[in-house]
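For reference, upload.tsv (TSV, C-alpha atoms):
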chain	number	residue	atom	x	y	z
A	495	MET	CA	-17.64	1.83	2.25
A	496	LEU	CA	-14.63	0.79	4.29
A	497	GLU	CA	-15.32	0.38	7.97
A	498	LEU	CA	-13.04	0.22	10.98
A	499	ASN	CA	-13.84	-3.46	11.50
A	500	TYR	CA	-12.24	-4.48	8.21
A	501	PHE	CA	-8.88	-3.08	9.25
A	502	LEU	CA	-9.10	-4.48	12.77
A	503	VAL	CA	-9.90	-7.97	11.53
A	504	LEU	CA	-7.02	-7.78	9.07
A	505	SER	CA	-4.77	-6.70	11.92
A	506	ALA	CA	-5.99	-9.58	14.10
A	507	LEU	CA	-5.35	-12.06	11.27
A	508	LEU	CA	-1.84	-10.77	10.65
A	509	PHE	CA	-1.05	-10.85	14.37
A	510	SER	CA	-2.27	-14.42	14.70
A	511	ILE	CA	-0.21	-15.54	11.72
A	512	GLY	CA	2.81	-14.03	13.47
A	513	VAL	CA	1.92	-15.88	16.66
A	514	VAL	CA	1.64	-19.22	14.89
A	515	GLY	CA	5.02	-18.58	13.29
A	516	VAL	CA	6.68	-17.97	16.64
A	517	LEU	CA	5.03	-21.06	18.12
A	518	VAL	CA	5.64	-23.47	15.26
A	519	ARG	CA	8.94	-22.61	13.60
A	520	ARG	CA	12.28	-23.49	15.18
A	521	ASN	CA	14.51	-21.21	13.12
A	522	ALA	CA	15.62	-18.01	14.85
A	523	MET	CA	15.49	-15.94	11.64
A	524	ILE	CA	11.89	-17.01	10.91
A	525	ILE	CA	10.92	-16.11	14.46
A	526	PHE	CA	12.41	-12.69	13.81
A	527	MET	CA	10.32	-12.19	10.70
A	528	CYS	CA	7.21	-13.26	12.57
A	529	ILE	CA	7.90	-10.66	15.25
A	530	GLU	CA	8.10	-8.04	12.50
A	531	LEU	CA	4.75	-9.28	11.18
A	532	MET	CA	3.17	-8.88	14.60
A	533	LEU	CA	4.55	-5.35	14.97
A	534	ASN	CA	3.09	-4.52	11.56
A	535	ALA	CA	-0.30	-5.81	12.62
A	536	ILE	CA	-0.22	-3.50	15.64
A	537	ASN	CA	0.73	-0.61	13.37
A	538	ILE	CA	-2.28	-1.30	11.13
A	539	SER	CA	-4.66	-1.15	14.05
A	540	LEU	CA	-3.04	2.01	15.46
A	541	VAL	CA	-3.28	3.80	12.12
A	542	ALA	CA	-6.85	2.58	11.61
A	543	PHE	CA	-7.97	3.92	14.99
A	544	SER	CA	-6.19	7.21	14.39
A	545	SER	CA	-7.74	7.61	10.96
A	546	PHE	CA	-11.27	6.74	12.02
A	547	LEU	CA	-11.09	9.02	15.05
A	548	GLY	CA	-9.75	11.92	13.01
A	549	ASN	CA	-6.88	12.28	15.47
A	550	ASP	CA	-3.27	12.11	14.32
A	551	SER	CA	-1.83	11.06	17.69
A	552	GLY	CA	-2.07	7.40	16.75
A	553	GLN	CA	0.41	7.91	13.95
A	554	ILE	CA	2.99	9.19	16.44
A	555	PHE	CA	2.79	5.87	18.27
A	556	VAL	CA	3.45	4.09	14.99
A	557	PHE	CA	6.72	6.01	14.84
A	558	PHE	CA	7.76	4.78	18.25
A	559	VAL	CA	6.84	1.23	17.29
A	560	LEU	CA	8.98	1.62	14.17
A	561	THR	CA	11.88	2.89	16.28
A	562	VAL	CA	11.68	-0.03	18.65
A	563	ALA	CA	11.38	-2.45	15.72
A	564	ALA	CA	14.54	-1.06	14.16
A	565	ALA	CA	16.43	-1.29	17.46
A	566	GLU	CA	15.13	-4.81	18.03
A	567	ALA	CA	16.19	-5.91	14.55
A	568	ALA	CA	19.72	-4.59	15.03
A	569	VAL	CA	20.27	-6.07	18.49
A	570	GLY	CA	18.53	-9.32	17.65
A	571	LEU	CA	20.57	-9.88	14.52
A	572	ALA	CA	23.76	-9.23	16.45
A	573	ILE	CA	22.70	-11.86	18.99
A	574	VAL	CA	21.74	-14.32	16.24
A	575	ILE	CA	25.06	-13.87	14.46
A	576	SER	CA	27.13	-14.36	17.60
A	577	LEU	CA	25.00	-17.41	18.49
A	578	PHE	CA	25.65	-18.83	15.06
A	579	ARG	CA	29.35	-18.20	15.51
A	580	ASN	CA	29.37	-20.25	18.71
A	581	LYS	CA	26.83	-22.96	17.92
A	582	GLU	CA	26.93	-23.29	14.12
A	583	SER	CA	23.16	-23.58	14.21
A	584	LEU	CA	20.05	-21.43	14.43
A	585	ASP	CA	17.77	-24.15	15.73
A	586	ILE	CA	16.41	-22.69	18.96
A	587	ASP	CA	15.98	-26.16	20.42
A	588	LYS	CA	19.76	-26.54	20.38
A	589	ILE	CA	20.30	-23.21	22.12
A	590	ASN	CA	19.53	-24.42	25.61
A	591	ILE	CA	22.50	-23.49	27.76
A	592	LEU	CA	20.29	-21.54	30.17
A	593	LYS	CA	17.91	-24.47	30.56
A	594	TRP	CA	18.54	-27.21	33.12
P	1312	MET	CA	-18.54	-1.80	-4.76
P	1313	PRO	CA	-16.39	1.34	-4.56
P	1314	TYR	CA	-12.87	0.95	-5.78
P	1315	THR	CA	-11.30	1.58	-2.36
P	1316	THR	CA	-13.05	-1.52	-1.03
P	1317	ILE	CA	-11.76	-3.62	-3.92
P	1318	LEU	CA	-8.28	-2.20	-3.33
P	1319	PHE	CA	-8.54	-3.03	0.35
P	1320	TYR	CA	-9.47	-6.63	-0.39
P	1321	VAL	CA	-6.62	-7.00	-2.86
P	1322	LEU	CA	-4.08	-5.56	-0.41
P	1323	ALA	CA	-5.41	-7.60	2.49
P	1324	PHE	CA	-5.24	-10.75	0.37
P	1325	ILE	CA	-1.62	-10.04	-0.60
P	1326	THR	CA	-0.71	-9.31	3.02
P	1327	VAL	CA	-2.28	-12.43	4.48
P	1328	VAL	CA	-1.05	-14.80	1.77
P	1329	SER	CA	2.51	-13.45	1.99
P	1330	ALA	CA	2.42	-13.71	5.78
P	1331	VAL	CA	1.28	-17.33	5.55
P	1332	VAL	CA	4.12	-18.01	3.11
P	1333	VAL	CA	6.57	-16.37	5.53
P	1334	VAL	CA	5.46	-18.71	8.28
P	1335	PHE	CA	5.07	-21.98	6.41
P	1336	ASN	CA	7.74	-21.90	3.74
P	1337	LYS	CA	10.63	-24.25	4.34
P	1338	ASN	CA	13.20	-22.01	2.72
P	1339	VAL	CA	14.38	-19.07	4.81
P	1340	ILE	CA	15.30	-16.96	1.78
P	1341	HIS	CA	11.82	-17.42	0.30
P	1342	SER	CA	10.34	-16.37	3.63
P	1343	ALA	CA	12.40	-13.18	3.62
P	1344	PHE	CA	11.28	-12.26	0.10
P	1345	SER	CA	7.69	-13.03	0.95
P	1346	LEU	CA	7.97	-10.72	3.94
P	1347	PHE	CA	8.93	-8.03	1.41
P	1348	PHE	CA	5.54	-8.34	-0.33
P	1349	ALA	CA	3.69	-8.38	2.97
P	1350	LEU	CA	5.37	-5.15	4.10
P	1351	PHE	CA	4.63	-3.45	0.79
P	1352	ALA	CA	0.95	-4.40	0.98
P	1353	VAL	CA	0.76	-3.10	4.55
P	1354	SER	CA	2.13	0.21	3.36
P	1355	GLY	CA	-0.62	0.30	0.72
P	1356	ILE	CA	-3.15	-0.21	3.50
P	1357	PHE	CA	-1.65	2.79	5.29
P	1358	VAL	CA	-2.25	4.83	2.14
P	1359	LEU	CA	-5.89	3.69	2.14
P	1360	LEU	CA	-6.14	4.96	5.71
P	1361	ARG	CA	-4.89	8.41	4.59
P	1362	ALA	CA	-1.60	8.02	6.47
P	1363	ASP	CA	0.72	8.94	3.61
P	1364	PHE	CA	3.78	9.76	5.69
P	1365	ILE	CA	3.54	6.53	7.66
P	1366	ALA	CA	3.29	4.59	4.40
P	1367	ILE	CA	6.49	6.12	3.05
P	1368	THR	CA	8.23	5.60	6.39
P	1369	GLN	CA	7.10	1.98	6.36
P	1370	ILE	CA	8.71	1.44	2.96
P	1371	MET	CA	11.90	3.26	3.93
P	1372	ILE	CA	12.47	1.70	7.35
P	1373	TYR	CA	10.99	-1.77	6.96
P	1374	VAL	CA	11.67	-2.57	3.33
P	1375	GLY	CA	14.83	-0.51	2.99
P	1376	GLY	CA	16.31	-1.16	6.40
P	1377	ILE	CA	15.00	-4.02	8.48
P	1378	LEU	CA	14.37	-6.40	5.59
P	1379	ILE	CA	17.86	-5.83	4.17
P	1380	LEU	CA	19.26	-6.45	7.64
P	1381	LEU	CA	17.25	-9.67	7.88
P	1382	LEU	CA	18.52	-10.80	4.48
P	1383	PHE	CA	22.06	-10.07	5.65
P	1384	GLY	CA	21.40	-12.19	8.71
P	1385	VAL	CA	20.02	-15.05	6.62
P	1386	MET	CA	22.96	-14.95	4.24
P	1387	LEU	CA	25.50	-14.77	7.05
P	1388	THR	CA	24.05	-17.56	9.13
P	1389	THR	CA	23.20	-20.18	6.52
P	1390	LYS	CA	25.53	-22.07	4.32
P	1391	ILE	CA	23.89	-21.22	1.04
P	1392	THR	CA	24.88	-24.41	-0.74
P	1393	ASP	CA	23.97	-26.64	2.15
P	1394	ILE	CA	20.61	-28.13	2.98
P	1395	GLU	CA	20.97	-26.25	6.28
P	1396	LEU	CA	18.71	-23.61	4.70
P	1397	ARG	CA	15.72	-25.79	5.43
P	1398	SER	CA	14.30	-25.87	8.89
P	1399	LYS	CA	11.87	-28.17	10.56
P	1400	ASN	CA	8.64	-27.48	12.35
P	1401	LEU	CA	7.50	-28.55	15.76
P	1402	ASN	CA	4.16	-28.69	17.54
P	1403	THR	CA	2.30	-27.68	14.39
P	1404	ILE	CA	-1.16	-28.91	15.39
P	1405	PRO	CA	-1.27	-27.44	18.94
P	1406	GLY	CA	0.15	-24.17	17.64
P	1407	ILE	CA	-2.50	-23.85	14.97
P	1408	ILE	CA	-5.29	-24.75	17.39
P	1409	PHE	CA	-4.03	-22.11	19.84
P	1410	THR	CA	-3.88	-19.54	17.06
P	1411	VAL	CA	-7.39	-20.28	15.83
P	1412	GLY	CA	-8.50	-19.67	19.41
P	1413	ILE	CA	-6.74	-16.30	19.44
P	1414	ILE	CA	-8.27	-15.33	16.09
P	1415	SER	CA	-11.78	-16.21	17.19
P	1416	ILE	CA	-11.46	-14.31	20.47
P	1417	LEU	CA	-10.06	-11.23	18.72
P	1418	VAL	CA	-12.68	-11.24	15.96
P	1419	PHE	CA	-15.46	-11.72	18.50
P	1420	ILE	CA	-14.18	-8.73	20.51
P	1421	ILE	CA	-13.77	-6.59	17.40
P	1422	THR	CA	-17.21	-7.30	16.02
P	1423	SER	CA	-19.08	-7.10	19.31
P	1424	THR	CA	-17.57	-3.82	20.50
P	1425	LYS	CA	-19.32	-0.58	19.65
P	1426	TRP	CA	-16.37	1.48	18.46
P	1427	HIS	CA	-16.49	5.22	18.85
P	1428	VAL	CA	-16.02	6.31	15.25
P	1429	LYS	CA	-16.26	9.80	13.84
P	1430	ALA	CA	-16.97	10.52	10.22
P	1431	PRO	CA	-13.56	10.28	8.57
P	1432	VAL	CA	-12.28	13.75	7.85
P	1433	VAL	CA	-10.89	14.32	4.39
P	1434	ASN	CA	-7.92	16.01	5.89
P	1435	GLU	CA	-4.93	17.82	4.50
P	1436	GLU	CA	-1.51	16.22	4.54
P	1437	THR	CA	-0.46	14.60	7.79
P	1438	VAL	CA	3.23	15.54	7.61
P	1439	SER	CA	2.90	19.00	9.17
P	1440	GLN	CA	0.55	17.70	11.86
P	1441	ILE	CA	2.97	14.91	12.79
P	1442	GLY	CA	5.92	17.32	12.80
P	1443	LYS	CA	4.13	19.73	15.10
P	1444	MET	CA	3.09	16.98	17.48
P	1445	LEU	CA	6.55	15.41	17.60
P	1446	LEU	CA	8.10	18.69	18.67
P	1447	THR	CA	5.40	19.80	21.12
P	1448	ASN	CA	3.31	17.15	22.89
P	1449	TYR	CA	5.56	14.19	22.20
P	1450	LEU	CA	8.98	15.81	22.55
P	1451	LEU	CA	10.14	13.68	25.48
P	1452	PRO	CA	9.23	10.31	23.88
P	1453	PHE	CA	10.89	11.54	20.70
P	1454	GLU	CA	14.16	12.20	22.50
P	1455	ILE	CA	13.94	8.91	24.40
P	1456	ALA	CA	13.45	7.12	21.09
P	1457	SER	CA	16.67	8.64	19.83
P	1458	ILE	CA	18.48	7.43	22.95
P	1459	VAL	CA	17.02	3.94	22.42
P	1460	LEU	CA	18.35	3.93	18.88
P	1461	LEU	CA	21.80	5.06	20.00
P	1462	VAL	CA	22.00	2.43	22.73
P	1463	ALA	CA	20.84	-0.28	20.31
P	1464	LEU	CA	23.44	0.80	17.78
P	1465	ILE	CA	26.30	0.66	20.27
P	1466	GLY	CA	25.06	-2.56	21.80
P	1467	SER	CA	24.68	-4.41	18.53
P	1468	ALA	CA	28.10	-3.27	17.32
P	1469	MET	CA	29.62	-4.53	20.55
P	1470	PHE	CA	27.76	-7.86	20.34
P	1471	ALA	CA	28.53	-8.68	16.75
P	1472	ARG	CA	32.22	-7.92	17.00
P	1473	ARG	CA	34.50	-10.89	17.29
P	1474	ILE	CA	36.16	-10.81	20.68
P	1475	LYS	CA	39.92	-11.00	20.44
P	1476	ASP	CA	41.78	-12.81	23.14
The structure given in the file should be rewritten as structure tokens.
Amino acid sequence: MLELNYFLVLSALLFSIGVVGVLVRRNAMIIFMCIELMLNAINISLVAFSSFLGNDSGQIFVFFVLTVAAAEAAVGLAIVISLFRNKESLDIDKINILKW
Amino acid sequence: MPYTTILFYVLAFITVVSAVVVVFNKNVIHSAFSLFFALFAVSGIFVLLRADFIAITQIMIYVGGILILLLFGVMLTTKITDIELRSKNLNTIPGIIFTVGIISILVFIITSTKWHVKAPVVNEETVSQIGKMLLTNYLLPFEIASIVLLVALIGSAMFARRIKD
């Protein structure tokens, strides 16, 4: 029988894989994809809690997470593209104008 | 072993392996396609959790929208024929050690907490429930979400446009 713990551990694993991606990779697009992975992990745990509590409110929160993810993808890609236009690179170590 | 458990293990395996490929593959295009499989498997997990509407929304928004947008971004920002497509790593060992720490803390918390779980109800479809809740209890967040989307749309269009001078 499936228990709540299975889903929560899967969610924790997926979140941690996203974290290691953000920490290790230097490409802005990969960092984007890792952020999407982390948001998905949160969605899994929200849906799991909502299903095992028999309460549908958790699924509403998944919708808001999806909304924010879509907005974040659009704005982030616009920023990445205009960065690429100015710098000709996506290496985030080379994007250091704000750093002194 | 009941077949839902087997299905869960298969989906979890696909999700985790694809996520690892997303993170550690050198080729950005391969990472994007691997993310596709991960998102599909997550939507299967939503089906296992009896959240049918969320599963379909996941496929429509993530796979149909965000992933296509990401692929657009990859194609626009890399010279396809160049070796620019490859990217290097940094701080691999400290990052992995940090992450193993996070995993162990999270798994310890998850397994040691006594979760308040009801017997899962074999409920009817969730679509009508979600619709009712969105238009009654959660009406204000719903409207704010639409404003967030509008602002993001205008902002990204303004950002990505080439500024004429």
Practice problem: Between A:Ser505, A:Ser539, A:Asn580, A:Ser544, single out the one closest to P:Ala1471, counting only C-alpha atoms. | Solution: A:Asn580
Compile a residue-level contact table for chain P against chain A at a cut-off of 7 Å, reporting for every qualifying residue the shortest atom pair and its distance in Å to one decimal, with all atoms listed in the file counted, rows ordered by chain and ascending number, as a Markdown table.
| residue | atom | partner | partner_atom | distance |
| --- | --- | --- | --- | --- |
| P:Pro1313 | CA | A:Met495 | CA | 6.9 |
| P:Thr1316 | CA | A:Leu496 | CA | 6.0 |
| P:Ala1323 | CA | A:Leu504 | CA | 6.8 |
| P:Val1327 | CA | A:Leu508 | CA | 6.4 |
| P:Ala1330 | CA | A:Ile511 | CA | 6.7 |
| P:Val1331 | CA | A:Ile511 | CA | 6.6 |
| P:Val1334 | CA | A:Gly515 | CA | 5.0 |
| P:Val1339 | CA | A:Ile524 | CA | 6.9 |
| P:Leu1360 | CA | A:Ser545 | CA | 6.1 |
| P:Ile1377 | CA | A:Ala564 | CA | 6.4 |
| P:Gly1384 | CA | A:Leu571 | CA | 6.3 |
| P:Val1385 | CA | A:Met523 | CA | 6.8 |
| P:Thr1388 | CA | A:Phe578 | CA | 6.3 |
| P:Ser1398 | CA | A:Asn521 | CA | 6.3 |
| P:Lys1399 | CA | A:Arg520 | CA | 6.6 |
| P:Asn1400 | CA | A:Arg519 | CA | 5.0 |
| P:Leu1401 | CA | A:Val518 | CA | 5.4 |
| P:Asn1402 | CA | A:Val518 | CA | 5.9 |
| P:Thr1403 | CA | A:Val518 | CA | 5.4 |
| P:Gly1406 | CA | A:Leu517 | CA | 5.8 |
| P:Ile1407 | CA | A:Val514 | CA | 6.2 |
| P:Thr1410 | CA | A:Ser510 | CA | 5.9 |
| P:Ile1413 | CA | A:Ser510 | CA | 6.8 |
| P:Ile1414 | CA | A:Ser510 | CA | 6.2 |
| P:Leu1417 | CA | A:Ala506 | CA | 6.4 |
| P:Val1418 | CA | A:Val503 | CA | 6.2 |
| P:Ile1421 | CA | A:Asn499 | CA | 6.7 |
| P:Thr1422 | CA | A:Asn499 | CA | 6.8 |
| P:Val1428 | CA | A:Leu547 | CA | 5.6 |
| P:Lys1429 | CA | A:Leu547 | CA | 5.4 |
| P:Pro1431 | CA | A:Phe546 | CA | 5.4 |
| P:Val1432 | CA | A:Gly548 | CA | 6.0 |
| P:Ile1441 | CA | A:Ile554 | CA | 6.8 |
| P:Ala1456 | CA | A:Thr561 | CA | 6.6 |
| P:Leu1460 | CA | A:Ala565 | CA | 5.7 |
| P:Ala1463 | CA | A:Ala565 | CA | 5.3 |
| P:Gly1466 | CA | A:Val569 | CA | 6.8 |
| P:Ser1467 | CA | A:Val569 | CA | 4.7 |
| P:Phe1470 | CA | A:Ala572 | CA | 5.7 |
| P:Ala1471 | CA | A:Ala572 | CA | 4.8 |
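Counting from atom CA of P:Thr1389, the distance to atom CA of A:Lys581 is 12.3 Å.
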Self-check item: Distance query P:Val1438 at most 10 Å, only C-alpha atoms, self and fewer than 3 positions along chain excluded, as a ChimeraX atom specification
Solution: /A:550 /P:1362-1365,1435,1441-1444
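All residues of protein, DNA or RNA that reach within 7 Å of P:Val1353, judged by all atoms listed in the file and not counting those fewer than 4 positions away in the chain, are Thr1326, Ala1349 and Phe1357 of chain P.
Interatomic distance, atom CA of P:Ile1340 against atom CA of P:Leu1322: 22.6 Å.
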Exercise. For atom CA of A:Ile591 and atom CA of A:Ile529, quote the distance in Å rounded to one decimal.
Key: 23.1 Å
Practice problem: Just the residues within 9 Å of P:Thr1315, please, counting all atoms listed in the file, with nothing from its chain fewer than 3 positions along; format it as a ChimeraX atom specification. | Solution: /A:495-496 /P:1312,1318-1320,1359
Missing atoms in stretch 507-518 of chain A: can you complete it with all heavy atoms, as a PDB file, in the coordinates of the input?
ATOM      1  N   LEU A 507      -5.831 -10.927  12.067  1.00  0.00           N
ATOM      2  CA  LEU A 507      -5.350 -12.060  11.270  1.00  0.00           C
ATOM      3  C   LEU A 507      -3.839 -12.049  11.163  1.00  0.00           C
ATOM      4  O   LEU A 507      -3.173 -13.070  11.385  1.00  0.00           O
ATOM      5  CB  LEU A 507      -5.945 -11.972   9.862  1.00  0.00           C
ATOM      6  CG  LEU A 507      -7.215 -12.752   9.584  1.00  0.00           C
ATOM      7  CD1 LEU A 507      -7.630 -12.549   8.144  1.00  0.00           C
ATOM      8  CD2 LEU A 507      -6.955 -14.211   9.832  1.00  0.00           C
ATOM      9  N   LEU A 508      -3.285 -10.867  10.841  1.00  0.00           N
ATOM     10  CA  LEU A 508      -1.840 -10.770  10.650  1.00  0.00           C
ATOM     11  C   LEU A 508      -1.111 -11.091  11.955  1.00  0.00           C
ATOM     12  O   LEU A 508      -0.107 -11.815  11.974  1.00  0.00           O
ATOM     13  CB  LEU A 508      -1.505  -9.371  10.177  1.00  0.00           C
ATOM     14  CG  LEU A 508      -0.192  -9.163   9.448  1.00  0.00           C
ATOM     15  CD1 LEU A 508      -0.124 -10.099   8.279  1.00  0.00           C
ATOM     16  CD2 LEU A 508      -0.093  -7.743   8.975  1.00  0.00           C
ATOM     17  N   PHE A 509      -1.664 -10.580  13.074  1.00  0.00           N
ATOM     18  CA  PHE A 509      -1.050 -10.850  14.370  1.00  0.00           C
ATOM     19  C   PHE A 509      -1.059 -12.337  14.677  1.00  0.00           C
ATOM     20  O   PHE A 509      -0.058 -12.903  15.130  1.00  0.00           O
ATOM     21  CB  PHE A 509      -1.810 -10.078  15.465  1.00  0.00           C
ATOM     22  CG  PHE A 509      -1.179 -10.169  16.808  1.00  0.00           C
ATOM     23  CD1 PHE A 509      -0.142  -9.339  17.145  1.00  0.00           C
ATOM     24  CD2 PHE A 509      -1.619 -11.103  17.724  1.00  0.00           C
ATOM     25  CE1 PHE A 509       0.452  -9.433  18.368  1.00  0.00           C
ATOM     26  CE2 PHE A 509      -1.023 -11.202  18.956  1.00  0.00           C
ATOM     27  CZ  PHE A 509       0.010 -10.368  19.276  1.00  0.00           C
ATOM     28  N   SER A 510      -2.187 -12.989  14.379  1.00  0.00           N
ATOM     29  CA  SER A 510      -2.270 -14.420  14.700  1.00  0.00           C
ATOM     30  C   SER A 510      -1.332 -15.233  13.838  1.00  0.00           C
ATOM     31  O   SER A 510      -0.760 -16.225  14.300  1.00  0.00           O
ATOM     32  CB  SER A 510      -3.694 -14.901  14.516  1.00  0.00           C
ATOM     33  OG  SER A 510      -4.572 -14.025  15.139  1.00  0.00           O
ATOM     34  N   ILE A 511      -1.161 -14.823  12.575  1.00  0.00           N
ATOM     35  CA  ILE A 511      -0.210 -15.540  11.720  1.00  0.00           C
ATOM     36  C   ILE A 511       1.199 -15.403  12.303  1.00  0.00           C
ATOM     37  O   ILE A 511       1.970 -16.367  12.333  1.00  0.00           O
ATOM     38  CB  ILE A 511      -0.283 -14.999  10.284  1.00  0.00           C
ATOM     39  CG1 ILE A 511      -1.619 -15.354   9.666  1.00  0.00           C
ATOM     40  CG2 ILE A 511       0.820 -15.567   9.435  1.00  0.00           C
ATOM     41  CD1 ILE A 511      -1.867 -14.695   8.343  1.00  0.00           C
ATOM     42  N   GLY A 512       1.515 -14.202  12.813  1.00  0.00           N
ATOM     43  CA  GLY A 512       2.810 -14.030  13.470  1.00  0.00           C
ATOM     44  C   GLY A 512       2.952 -14.926  14.687  1.00  0.00           C
ATOM     45  O   GLY A 512       4.003 -15.535  14.911  1.00  0.00           O
ATOM     46  N   VAL A 513       1.874 -15.041  15.464  1.00  0.00           N
ATOM     47  CA  VAL A 513       1.920 -15.880  16.660  1.00  0.00           C
ATOM     48  C   VAL A 513       2.159 -17.331  16.289  1.00  0.00           C
ATOM     49  O   VAL A 513       2.994 -18.024  16.894  1.00  0.00           O
ATOM     50  CB  VAL A 513       0.626 -15.742  17.482  1.00  0.00           C
ATOM     51  CG1 VAL A 513       0.575 -16.785  18.568  1.00  0.00           C
ATOM     52  CG2 VAL A 513       0.538 -14.384  18.090  1.00  0.00           C
ATOM     53  N   VAL A 514       1.454 -17.820  15.263  1.00  0.00           N
ATOM     54  CA  VAL A 514       1.640 -19.220  14.890  1.00  0.00           C
ATOM     55  C   VAL A 514       3.053 -19.442  14.383  1.00  0.00           C
ATOM     56  O   VAL A 514       3.658 -20.498  14.627  1.00  0.00           O
ATOM     57  CB  VAL A 514       0.569 -19.677  13.880  1.00  0.00           C
ATOM     58  CG1 VAL A 514       0.832 -19.236  12.498  1.00  0.00           C
ATOM     59  CG2 VAL A 514       0.469 -21.178  13.872  1.00  0.00           C
ATOM     60  N   GLY A 515       3.636 -18.435  13.736  1.00  0.00           N
ATOM     61  CA  GLY A 515       5.020 -18.580  13.290  1.00  0.00           C
ATOM     62  C   GLY A 515       5.970 -18.731  14.457  1.00  0.00           C
ATOM     63  O   GLY A 515       6.858 -19.584  14.446  1.00  0.00           O
ATOM     64  N   VAL A 516       5.788 -17.881  15.489  1.00  0.00           N
ATOM     65  CA  VAL A 516       6.680 -17.970  16.640  1.00  0.00           C
ATOM     66  C   VAL A 516       6.512 -19.304  17.352  1.00  0.00           C
ATOM     67  O   VAL A 516       7.471 -19.904  17.829  1.00  0.00           O
ATOM     68  CB  VAL A 516       6.436 -16.793  17.602  1.00  0.00           C
ATOM     69  CG1 VAL A 516       7.194 -16.979  18.887  1.00  0.00           C
ATOM     70  CG2 VAL A 516       6.847 -15.506  16.953  1.00  0.00           C
ATOM     71  N   LEU A 517       5.266 -19.811  17.397  1.00  0.00           N
ATOM     72  CA  LEU A 517       5.030 -21.060  18.120  1.00  0.00           C
ATOM     73  C   LEU A 517       5.553 -22.265  17.356  1.00  0.00           C
ATOM     74  O   LEU A 517       6.042 -23.225  17.952  1.00  0.00           O
ATOM     75  CB  LEU A 517       3.537 -21.240  18.385  1.00  0.00           C
ATOM     76  CG  LEU A 517       2.924 -20.343  19.430  1.00  0.00           C
ATOM     77  CD1 LEU A 517       1.455 -20.633  19.535  1.00  0.00           C
ATOM     78  CD2 LEU A 517       3.573 -20.572  20.763  1.00  0.00           C
ATOM     79  N   VAL A 518       5.422 -22.250  16.030  1.00  0.00           N
ATOM     80  CA  VAL A 518       5.640 -23.470  15.260  1.00  0.00           C
ATOM     81  C   VAL A 518       7.065 -23.588  14.752  1.00  0.00           C
ATOM     82  O   VAL A 518       7.667 -24.660  14.817  1.00  0.00           O
ATOM     83  CB  VAL A 518       4.622 -23.514  14.101  1.00  0.00           C
ATOM     84  CG1 VAL A 518       5.054 -24.504  13.055  1.00  0.00           C
ATOM     85  CG2 VAL A 518       3.262 -23.895  14.621  1.00  0.00           C
TER      86      VAL A 518
END
